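Participant: Sharing query-v4.cif here; it has mmCIF, C-alpha atoms and all ligand atoms.
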```
data_target
#
loop_
_atom_site.label_atom_id
_atom_site.label_comp_id
_atom_site.auth_asym_id
_atom_site.auth_seq_id
_atom_site.Cartn_x
_atom_site.Cartn_y
_atom_site.Cartn_z
CA MET A 1 -46.58 -32.03 -64.12
CA TRP A 2 -47.11 -33.64 -67.53
CA PRO A 3 -45.09 -33.45 -70.72
CA GLY A 4 -45.98 -30.55 -72.97
CA GLY A 5 -49.69 -30.28 -72.04
CA SER A 6 -51.62 -27.78 -69.99
CA VAL A 7 -54.83 -29.59 -68.96
CA PHE A 8 -55.53 -33.15 -67.89
CA LEU A 9 -58.01 -35.20 -65.89
CA CYS A 10 -56.83 -36.44 -62.53
CA VAL A 11 -58.31 -39.90 -61.94
CA LEU A 12 -57.33 -39.83 -58.26
CA CYS A 13 -59.49 -36.89 -57.23
CA VAL A 14 -61.78 -36.85 -60.32
CA SER A 15 -60.92 -33.28 -61.20
CA VAL A 16 -59.46 -31.19 -64.00
CA VAL A 17 -55.86 -30.16 -63.48
CA PHE A 18 -54.54 -27.19 -65.41
CA ARG A 19 -51.42 -25.11 -65.49
CA VAL A 20 -50.88 -21.36 -65.37
CA ASN A 21 -47.34 -19.99 -65.67
CA GLY A 22 -45.88 -23.42 -64.95
CA ARG A 23 -47.83 -23.89 -61.71
CA ALA A 24 -50.35 -26.75 -61.45
CA TRP A 25 -53.87 -26.18 -60.11
CA CYS A 26 -56.74 -28.54 -59.49
CA LEU A 27 -60.40 -27.69 -60.27
CA GLY A 28 -62.80 -30.19 -58.74
CA GLY A 29 -64.72 -31.34 -55.67
CA SER A 30 -63.26 -30.10 -52.38
CA SER A 31 -62.23 -32.70 -49.84
CA ASP A 32 -64.77 -31.46 -47.28
CA GLY A 33 -67.64 -32.11 -49.71
CA ARG A 34 -68.73 -28.45 -49.92
CA GLY A 35 -68.49 -28.29 -53.70
CA ALA A 36 -65.99 -27.13 -56.27
CA ALA A 37 -62.67 -25.60 -55.24
CA ILE A 38 -59.48 -24.46 -56.90
CA LEU A 39 -56.50 -25.89 -55.04
CA PRO A 40 -52.81 -26.33 -55.76
CA ALA A 41 -52.62 -29.74 -57.47
CA MET A 42 -49.61 -30.98 -55.53
CA PRO A 43 -47.13 -29.75 -52.94
CA LYS A 44 -44.87 -27.69 -55.14
CA GLY A 45 -41.95 -25.43 -54.59
CA TRP A 46 -40.73 -22.55 -56.69
CA PHE A 47 -38.38 -22.31 -59.60
CA ILE A 48 -36.44 -19.06 -60.04
CA THR A 49 -33.77 -18.64 -62.71
CA PHE A 50 -31.08 -16.01 -63.25
CA GLU A 51 -30.05 -15.04 -66.77
CA GLY A 52 -27.81 -12.48 -68.45
CA GLY A 53 -24.49 -12.07 -70.24
CA GLU A 54 -21.10 -13.04 -68.83
CA GLY A 55 -19.95 -11.03 -65.84
CA THR A 56 -23.35 -9.54 -64.97
CA GLY A 57 -23.16 -10.96 -61.42
CA LYS A 58 -25.68 -13.82 -61.65
CA SER A 59 -23.81 -16.09 -59.24
CA THR A 60 -23.42 -13.33 -56.64
CA GLN A 61 -27.11 -12.37 -56.78
CA LEU A 62 -28.16 -15.99 -56.66
CA ARG A 63 -26.09 -16.47 -53.51
CA LEU A 64 -27.58 -13.35 -51.91
CA LEU A 65 -31.12 -14.52 -52.71
CA ASP A 66 -30.32 -18.00 -51.42
CA ASP A 67 -29.07 -16.59 -48.08
CA TRP A 68 -32.06 -14.28 -47.80
CA LEU A 69 -34.62 -17.04 -48.51
CA ARG A 70 -32.97 -19.40 -46.02
CA ALA A 71 -32.99 -16.70 -43.37
CA LEU A 72 -36.77 -16.47 -43.89
CA GLY A 73 -37.06 -20.23 -43.35
CA HIS A 74 -37.46 -21.38 -46.97
CA ARG A 75 -35.76 -24.55 -48.12
CA THR A 76 -33.63 -23.82 -51.17
CA VAL A 77 -31.68 -25.74 -53.79
CA HIS A 78 -28.96 -23.83 -55.58
CA SER A 79 -28.00 -25.10 -59.02
CA ARG A 80 -26.71 -24.08 -62.43
CA GLU A 81 -26.84 -24.89 -66.14
CA PRO A 82 -25.11 -26.41 -67.86
CA GLY A 83 -24.49 -28.48 -64.75
CA GLY A 84 -26.12 -29.50 -61.50
CA THR A 85 -25.65 -33.30 -61.83
CA PRO A 86 -22.49 -35.37 -62.47
CA LEU A 87 -23.60 -36.00 -66.06
CA ALA A 88 -24.46 -32.36 -66.69
CA GLU A 89 -21.22 -31.13 -65.08
CA ALA A 90 -19.29 -33.46 -67.43
CA VAL A 91 -21.18 -31.93 -70.38
CA ARG A 92 -20.34 -28.45 -69.02
CA ALA A 93 -16.63 -29.29 -69.09
CA VAL A 94 -16.97 -30.37 -72.73
CA LEU A 95 -18.94 -27.25 -73.69
CA LEU A 96 -16.52 -24.81 -72.08
CA ASP A 97 -13.33 -26.50 -73.28
CA PRO A 98 -11.68 -24.10 -75.76
CA ALA A 99 -10.04 -27.05 -77.55
CA LEU A 100 -13.31 -28.69 -78.64
CA GLU A 101 -15.29 -25.98 -80.48
CA PRO A 102 -18.62 -27.76 -81.09
CA ASP A 103 -20.81 -26.06 -83.73
CA GLY A 104 -24.20 -24.59 -82.77
CA LEU A 105 -26.14 -27.81 -83.38
CA SER A 106 -23.75 -30.01 -81.39
CA GLU A 107 -23.82 -27.38 -78.66
CA ILE A 108 -27.64 -27.40 -78.34
CA PHE A 109 -27.87 -31.20 -78.22
CA LEU A 110 -25.20 -31.33 -75.51
CA LEU A 111 -26.98 -28.59 -73.56
CA GLU A 112 -30.39 -30.26 -73.82
CA ALA A 113 -28.99 -33.65 -72.76
CA ALA A 114 -27.46 -32.01 -69.69
CA ARG A 115 -30.71 -30.09 -69.07
CA HIS A 116 -32.90 -33.19 -69.20
CA ASP A 117 -30.71 -34.95 -66.63
CA HIS A 118 -30.70 -31.86 -64.39
CA VAL A 119 -34.46 -31.31 -64.55
CA GLU A 120 -35.33 -34.95 -63.86
CA ARG A 121 -32.76 -35.59 -61.12
CA VAL A 122 -32.61 -32.23 -59.35
CA VAL A 123 -35.21 -29.61 -60.27
CA ARG A 124 -38.43 -31.63 -60.35
CA PRO A 125 -37.68 -33.69 -57.20
CA ALA A 126 -36.71 -30.55 -55.26
CA MET A 127 -39.86 -28.72 -56.38
CA ALA A 128 -42.05 -31.73 -55.56
CA ALA A 129 -40.53 -31.61 -52.05
CA GLY A 130 -41.53 -27.94 -51.74
CA ALA A 131 -38.09 -26.33 -52.11
CA VAL A 132 -37.28 -23.07 -53.86
CA VAL A 133 -34.95 -24.02 -56.71
CA LEU A 134 -32.56 -21.23 -57.71
CA CYS A 135 -30.79 -21.86 -60.99
CA ASP A 136 -27.96 -19.94 -62.66
CA ARG A 137 -29.15 -20.07 -66.32
CA PHE A 138 -31.82 -22.34 -67.83
CA THR A 139 -33.78 -22.71 -71.09
CA ASP A 140 -33.72 -18.95 -71.82
CA SER A 141 -29.94 -19.06 -72.25
CA SER A 142 -30.42 -21.61 -75.03
CA LEU A 143 -33.07 -19.42 -76.70
CA VAL A 144 -30.73 -16.44 -76.67
CA TYR A 145 -27.27 -17.99 -77.21
CA GLN A 146 -28.14 -20.86 -79.55
CA GLY A 147 -31.53 -19.81 -80.96
CA LEU A 148 -30.83 -16.16 -81.62
CA VAL A 149 -27.11 -15.45 -81.55
CA ARG A 150 -25.88 -18.75 -83.07
CA GLY A 151 -28.86 -18.63 -85.47
CA LEU A 152 -30.52 -22.00 -84.81
CA GLY A 153 -33.93 -20.33 -84.55
CA TRP A 154 -36.12 -19.36 -81.60
CA GLU A 155 -38.96 -21.84 -82.33
CA GLU A 156 -36.54 -24.71 -82.98
CA VAL A 157 -34.81 -24.19 -79.65
CA GLU A 158 -38.16 -23.74 -77.90
CA THR A 159 -39.16 -27.19 -79.18
CA LEU A 160 -35.93 -28.77 -77.92
CA ASN A 161 -36.27 -27.00 -74.57
CA ARG A 162 -39.79 -28.37 -74.19
CA LEU A 163 -38.65 -31.90 -75.02
CA ALA A 164 -35.75 -31.73 -72.57
CA THR A 165 -37.75 -30.24 -69.69
CA GLY A 166 -41.19 -31.79 -70.22
CA GLY A 167 -42.52 -28.23 -70.47
CA LEU A 168 -41.13 -26.95 -67.16
CA VAL A 169 -41.09 -23.13 -67.13
CA PRO A 170 -39.57 -21.05 -64.29
CA ASP A 171 -41.98 -19.15 -62.03
CA LEU A 172 -39.71 -16.13 -62.28
CA THR A 173 -36.66 -15.32 -64.41
CA ILE A 174 -34.39 -12.46 -63.42
CA VAL A 175 -32.32 -11.04 -66.27
CA LEU A 176 -29.31 -9.09 -65.00
CA ASP A 177 -28.62 -6.40 -67.55
CA MET A 178 -25.57 -4.20 -68.01
CA ASP A 179 -23.19 -2.84 -70.63
CA PRO A 180 -21.36 -5.94 -71.95
CA GLU A 181 -17.99 -4.13 -72.04
CA VAL A 182 -18.13 -3.43 -68.32
CA ALA A 183 -19.50 -6.90 -67.59
CA LEU A 184 -16.79 -8.60 -69.66
CA ALA A 185 -14.01 -6.69 -67.93
CA ARG A 186 -15.45 -8.10 -64.69
CA ALA A 187 -15.66 -11.63 -66.15
CA HIS A 188 -12.04 -11.48 -67.31
CA THR A 189 -10.79 -10.38 -63.89
CA ARG A 190 -12.73 -13.25 -62.34
CA ASN A 191 -11.40 -15.78 -64.88
CA SER A 192 -7.78 -14.80 -64.36
CA GLU A 193 -8.33 -15.10 -60.59
CA GLU A 194 -9.81 -18.61 -60.99
CA SER A 195 -7.10 -20.32 -63.00
CA ALA A 196 -9.02 -23.63 -63.21
CA ARG A 197 -11.92 -21.96 -64.95
CA GLU A 198 -12.12 -22.48 -68.70
CA ASP A 199 -14.69 -20.52 -70.61
CA ARG A 200 -14.76 -20.66 -74.37
CA LEU A 201 -17.73 -18.29 -74.65
CA ASP A 202 -16.07 -15.54 -72.62
CA GLU A 203 -13.64 -15.25 -75.54
CA GLU A 204 -16.28 -14.35 -78.14
CA PRO A 205 -16.03 -10.89 -79.83
CA ALA A 206 -17.79 -7.83 -78.40
CA GLU A 207 -20.52 -8.04 -81.06
CA PHE A 208 -21.49 -11.52 -79.78
CA HIS A 209 -22.00 -10.18 -76.25
CA ARG A 210 -23.97 -7.18 -77.52
CA ARG A 211 -26.35 -9.54 -79.32
CA VAL A 212 -26.67 -11.68 -76.19
CA ARG A 213 -27.75 -8.60 -74.26
CA GLU A 214 -30.30 -7.66 -76.94
CA GLY A 215 -31.54 -11.27 -76.98
CA PHE A 216 -32.32 -11.23 -73.26
CA LEU A 217 -34.10 -7.88 -73.60
CA GLU A 218 -36.15 -9.33 -76.47
CA LEU A 219 -37.02 -12.32 -74.29
CA ALA A 220 -38.26 -9.99 -71.54
CA GLY A 221 -40.39 -8.16 -74.12
CA ARG A 222 -41.96 -11.47 -75.16
CA GLU A 223 -42.73 -12.66 -71.61
CA PRO A 224 -42.93 -9.57 -69.39
CA ASP A 225 -44.82 -11.32 -66.56
CA ARG A 226 -42.22 -14.05 -66.05
CA VAL A 227 -39.00 -12.35 -67.16
CA ARG A 228 -37.93 -9.27 -65.18
CA VAL A 229 -34.97 -7.14 -66.21
CA ILE A 230 -32.82 -5.78 -63.37
CA ALA A 231 -30.06 -3.19 -63.86
CA ALA A 232 -26.92 -5.03 -62.75
CA ASP A 233 -24.55 -2.07 -62.32
CA GLY A 234 -23.42 -0.97 -58.87
CA PRO A 235 -22.52 -2.85 -55.69
CA PRO A 236 -24.11 -6.31 -55.16
CA GLU A 237 -26.32 -5.14 -52.25
CA LYS A 238 -27.80 -2.36 -54.40
CA VAL A 239 -28.53 -4.80 -57.22
CA PHE A 240 -30.16 -7.20 -54.75
CA ALA A 241 -32.37 -4.37 -53.46
CA ARG A 242 -33.68 -4.02 -57.03
CA ILE A 243 -34.47 -7.73 -57.21
CA HIS A 244 -36.44 -7.82 -53.97
CA PRO A 245 -39.62 -6.09 -55.28
CA VAL A 246 -40.02 -8.55 -58.19
CA LEU A 247 -39.95 -11.66 -55.97
CA PRO A 248 -43.24 -13.55 -55.54
CA GLU A 249 -45.26 -12.26 -52.56
CA ALA A 250 -45.43 -15.79 -51.12
CA LEU A 251 -41.65 -15.83 -50.68
CA ARG A 252 -41.25 -12.43 -49.07
P1 LIG A 301 -21.79 -19.29 -66.94
O1 LIG A 301 -22.77 -20.25 -66.35
O2 LIG A 301 -20.55 -19.21 -66.19
O3 LIG A 301 -22.37 -17.98 -67.27
O4 LIG A 301 -21.28 -19.94 -68.33
C1 LIG A 301 -21.96 -20.84 -69.08
C2 LIG A 301 -21.77 -20.54 -70.53
O5 LIG A 301 -22.61 -21.40 -71.28
C3 LIG A 301 -22.16 -19.12 -70.89
O6 LIG A 301 -21.21 -18.60 -71.78
C4 LIG A 301 -23.45 -19.26 -71.62
C5 LIG A 301 -23.40 -20.66 -72.17
N1 LIG A 301 -24.72 -21.27 -72.30
C6 LIG A 301 -25.28 -21.38 -73.56
O7 LIG A 301 -24.69 -20.97 -74.55
N2 LIG A 301 -26.52 -21.93 -73.67
C7 LIG A 301 -27.21 -22.43 -72.59
O8 LIG A 301 -28.32 -22.94 -72.73
C8 LIG A 301 -26.59 -22.32 -71.29
C9 LIG A 301 -27.31 -22.82 -70.08
C10 LIG A 301 -25.35 -21.73 -71.19
#
```
Would you mind writing the file's structure down as structure tokens?
Facilitator:
Amino acid sequence: MWPGGSVFLCVLCVSVVFRVNGRAWCLGGSSDGRGAAILPAMPKGWFITFEGGEGTGKSTQLRLLDDWLRALGHRTVHSREPGGTPLAEAVRAVLLDPALEPDGLSEIFLLEAARHDHVERVVRPAMAAGAVVLCDRFTDSSLVYQGLVRGLGWEEVETLNRLATGGLVPDLTIVLDMDPEVALARAHTRNSEESAREDRLDEEPAEFHRRVREGFLELAGREPDRVRVIAADGPPEKVFARIHPVLPEALR
């Protein structure tokens, strides 16, 4: 991969390397000397992210997909944002501490710092080793929460996301969608069961969560090929059955 660009010349195999939907391909002479070929540029895994409001069941679905992929023999790495490395987990604790209340701008810089560390230390190495990386939230959460709902601006957050990730885009993003009132009731039950869990954003007013939902639906409208909306109501197995058809053929 290369920062921000989509085409470059590979001096090793004298070929043009380009990117489609975050996946690198190589156009050049084939190794058997029979002329031009289009080949994957490097051994590369997959990057699948889960997005949605609080309490929509992202972690449960991610676990189900992880188990399912492993049973099929895929190597997986299960991660989350903010988080996934010691540095990023420390930033997560700061972000979710109700006592600290960073404003939108402080929030996005903290998130992007955590994201850069996570992408460089976990996501890219795992993908280069051919694993399927499953991540609970990624850049799209920043677009929706900070860009749209906190009002920092979609393009501004896109720029920061690109800087932090070097232009890494998930192969597939699953948005779990449901009525925020129902989802929040679920999140609150979960939070009171896990006493150690602190979550400042769970405490936002209903209007905030309604706008988050609309933000994710807008995202899916902007990038319908990558971002797939899945109805998140009902038992976990039923929701997972809805996810299955949108998974890449190569993983099924
Ligand atoms: P969760 O991972 O348990 O859903 O909680 C993480 C919280 O952080 C959630 O309220 C959404 C928020 N968040 C952002 O506001 N922007 C981001 O870019 C990310 C990754 C999370």
Participant: Choose the residue, out of A:Cys135, A:Leu62, A:Ala71, A:Ala183, that has the smallest atom-to-atom separation from A:Asp233; count all atoms listed in the file.
Facilitator: A:Ala183
Participant: Give the residue list for ligand LIG 301 (chain A) at 6 Å, counting all atoms listed in the file, as a CSV table (one decimal) with C-alpha atoms, keeping the file's coordinate frame, sorted by chain and then by residue number.
Facilitator:
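Result file pocket.csv:
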```
chain,number,residue,atom,x,y,z
A,54,GLU,CA,-21.1,-13.0,-68.8
A,81,GLU,CA,-26.8,-24.9,-66.1
A,82,PRO,CA,-25.1,-26.4,-67.9
A,111,LEU,CA,-27.0,-28.6,-73.6
A,137,ARG,CA,-29.2,-20.1,-66.3
A,138,PHE,CA,-31.8,-22.3,-67.8
A,139,THR,CA,-33.8,-22.7,-71.1
A,141,SER,CA,-29.9,-19.1,-72.2
A,142,SER,CA,-30.4,-21.6,-75.0
A,145,TYR,CA,-27.3,-18.0,-77.2
A,201,LEU,CA,-17.7,-18.3,-74.6
```
Participant: Quick one: residues within 10 Å of stretch 64-67 of chain A, all atoms listed in the file, excluding same-chain residues fewer than 5 positions away - as JSON, numbers by chain?
Facilitator: {"A": [58, 59, 72, 73, 74, 75, 76, 77, 78, 132, 133, 134, 236, 237, 240, 243, 244, 247]}
Participant: Atom CA of A:Phe47 to atom CA of A:Pro170: how many Å, to one decimal?
Facilitator: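 Value for the atom CA of A:Phe47-atom CA of A:Pro170 distance: 5.0 Å.
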Participant: Please measure the separation of atom CA of A:Gly166 and atom CA of A:Asp225, giving the value in Å to one decimal.
Facilitator: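 Taking atom CA of A:Gly166 as the start and atom CA of A:Asp225 as the end point, the length is 21.1 Å.
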Participant: Would you kindly return, as a list in words, each protein, DNA or RNA residue with an atom no farther than 10 Å from any atom of stretch 214-223 of chain A, considering all atoms listed in the file and excluding same-chain residues fewer than 3 positions away?
Facilitator: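 The filter keeps Glu51, Gly52, Gly53, Asp140, Ser141, Leu143, Val144, Tyr145, Gly147, Leu148, Val149, Thr173, Ile174, Val175, Leu176, Asp177, His209, Arg210, Arg211, Arg226, Val227, Arg228 and Val229 of chain A.
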Participant: For the atom pair atom CA of A:Gly45 and atom CA of A:Lys238, what is the interatomic distance in Å to one decimal place?
Facilitator: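 Interatomic distance here is 27.1 Å.
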Participant: In terms of the shortest atom-to-atom distance over all atoms listed in the file, which of A:Asp103, A:Glu204, A:Asp117, A:Glu249 is closest to A:Glu89?
Facilitator: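 The shortest atom-to-atom distance to A:Glu89 comes from A:Asp117.
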Participant: Pick out the closest residue to A:Pro224 from this set: A:Leu69, A:Phe50, A:Glu207, A:Val246. Count only C-alpha atoms.
Facilitator: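 Nearest to A:Pro224: A:Val246.
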